[in-house]
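Trainee: Sharing a structure, written as structure tokens. Questions coming.
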Number of protein chains: 4
Amino acid sequence: MMMDMMSKDGMSMAGMSTMDMSLVQACMDACSACEQACTVCSTQMMSCAPACMNCADMCNTMMRAMLRMQGLTPAVLMSMLDACIAMCTLCMDECLEHADESEVCRLCAQSCKACVEACMALKDSMMKMA
Amino acid sequence: MMMDMMSKDGMSMAGMSTMDMSLVQACMDACSACEQACTVCSTQMMSCAPACMNCADMCNTMMRAMLRMQGLTPAVLMSMLDACIAMCTLCMDECLEHADESEVCRLCAQSCKACVEACMALKDSMMKMA
Amino acid sequence: MMMDMMSKDGMSMAGMSTMDMSLVQACMDACSACEQACTVCSTQMMSCAPACMNCADMCNTMMRAMLRMQGLTPAVLMSMLDACIAMCTLCMDECLEHADESEVCRLCAQSCKACVEACMALKDSMMKMA
Amino acid sequence: MMMDMMSKDGMSMAGMSTMDMSLVQACMDACSACEQACTVCSTQMMSCAPACMNCADMCNTMMRAMLRMQGLTPAVLMSMLDACIAMCTLCMDECLEHADESEVCRLCAQSCKACVEACMALKDSMMKMA
């Protein structure tokens, strides 16, 4: 639904005339799912909790920024994607250490991995278009 | 997916032994959709924008709190639902004033209405169980 | 600084022509301090952590809403103050249980108490003016 | 106050045994001030508003991450500092275009500049220690 709203409103950034909007949508969905998984996982009081809290915040900020493309440039968006990839990778690594003991950690690591992949796919696509 | 994660982890609040988890899930989904719609709508620079920004934040806080039931009581959750209902109602009213001119405002008002209804349904259910 | 910025911009809400801006400023400061204290306290992995995470989010949403008065009405602001008071009171109670073991919990409970008092003072003042 | 709380709790990151905590504190303060200035500025409905909203979110995420060092590594923190520097620089540039018309934009640009400098100072210090 968001994608339709945005396309009607002429979502665009100065400096990049066209974007693969299906990759943007996939990245927003992955960020949203990752925020939720990290929020649940952070309440388990395992050693991954601080990374999960950081990851939930970074993913929410990332998702919201993609919903407000007018307030970005390609360079800023790519820098935020890098930060989100770094944060999700760390969270995934920490959660994987508990994946055998905790199903929540296993699912959180999986959500982080999906978010890393969606951010990378969007960044790759932007670099090809730039 | 979140609901499955949470049920496995024994999501519960002191003071309420059982909740209708399908209503909790529906409320979280409505909050998440409303946060996204408000975030897009706030970038339109219409008079509803400040209400949309407030509503996006309130909905995100509401959704995260429901993912962290261990850090709530029924009374606190109901007080937050009241605040979310009040904020979404205001945002809906402001967006409805632009619904004829802007499809984004029309969709945002619709998301706010759905969020109000989901919050009310959860609160009603909790009051019956209390 | 924020107060000066806002007064220049004509901070106001429909339905309440005047507010005690020193109480608004004090409430924003208390919310900001409480968000920070709760964020630190939540990383301690004690039983108060989920309440601290919820409280940090509620306080941030509360503070931002007061910086965007144009997107509020007195009734919505008072409903959010109620939710913030309820959330901070719960967090204070949970942290007080660890106050003897943990200096961080003691300081977090103190920040929550200050936030409750600032929110109550603002609400009392609004009810007198209404 | 936060710094005292954190030092007592042994704030630290894997991979960096020591940090200049006065630079961390200065960076958190600058992020918090920038979040608040951007939040106010975004309600002015000028062309900088979407950048201000993105900047407010990035600064809040940055500040919270520094309050949860246990959930970071030096590489992740530096990547987030890069994203925050990029976002604040864009917001500053957009606000400077309105600085003559709007005192709020002038102050917001000033807060963004201070935040860029604080983030850079922290990153420089970390690179020297690494």
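Chain labels A, B, ... are given in the sequence in which chains occur in the structure tokens; within each chain residues are numbered consecutively from 1, and ligands are likewise numbered from 1 in the order shown.
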Should the cut-off be 7 Å, what would the residue list for chain C against chain D look like, counting only C-alpha atoms, as a PyMOL selection string?

Mentor: chain C and resi 2+5+37+39-40+43+64+67-68+104

Trainee: May I have the residues within 10 Å of Leu77 in chain C as number ranges by chain, using only C-alpha atoms and disregarding those fewer than 3 positions away in the same chain?

Mentor: B: 83, 86-87; C: 13, 62, 65-66, 69, 71-74, 80-83, 122-123, 126

Trainee: Take CA of Glu117 in chain C and CA of Ser79 in chain C and report the distance between them in Å, one decimal.

Mentor: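 Atom-to-atom, CA of Glu117 in chain C and CA of Ser79 in chain C are spaced 15.6 Å apart.
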
Trainee: Which is closer to Val116 in chain C than all the others in C:Ala26, C:Ile85, C:Val76, C:Leu96, using only C-alpha atoms?

Mentor: C:Ile85

Trainee: Compare C:Ala14, C:Met92, C:Leu23, C:Ala99 by their minimum atom-to-atom distance to Ala51 in chain C, counting only C-alpha atoms, and give me the closest one.

Mentor: C:Met92
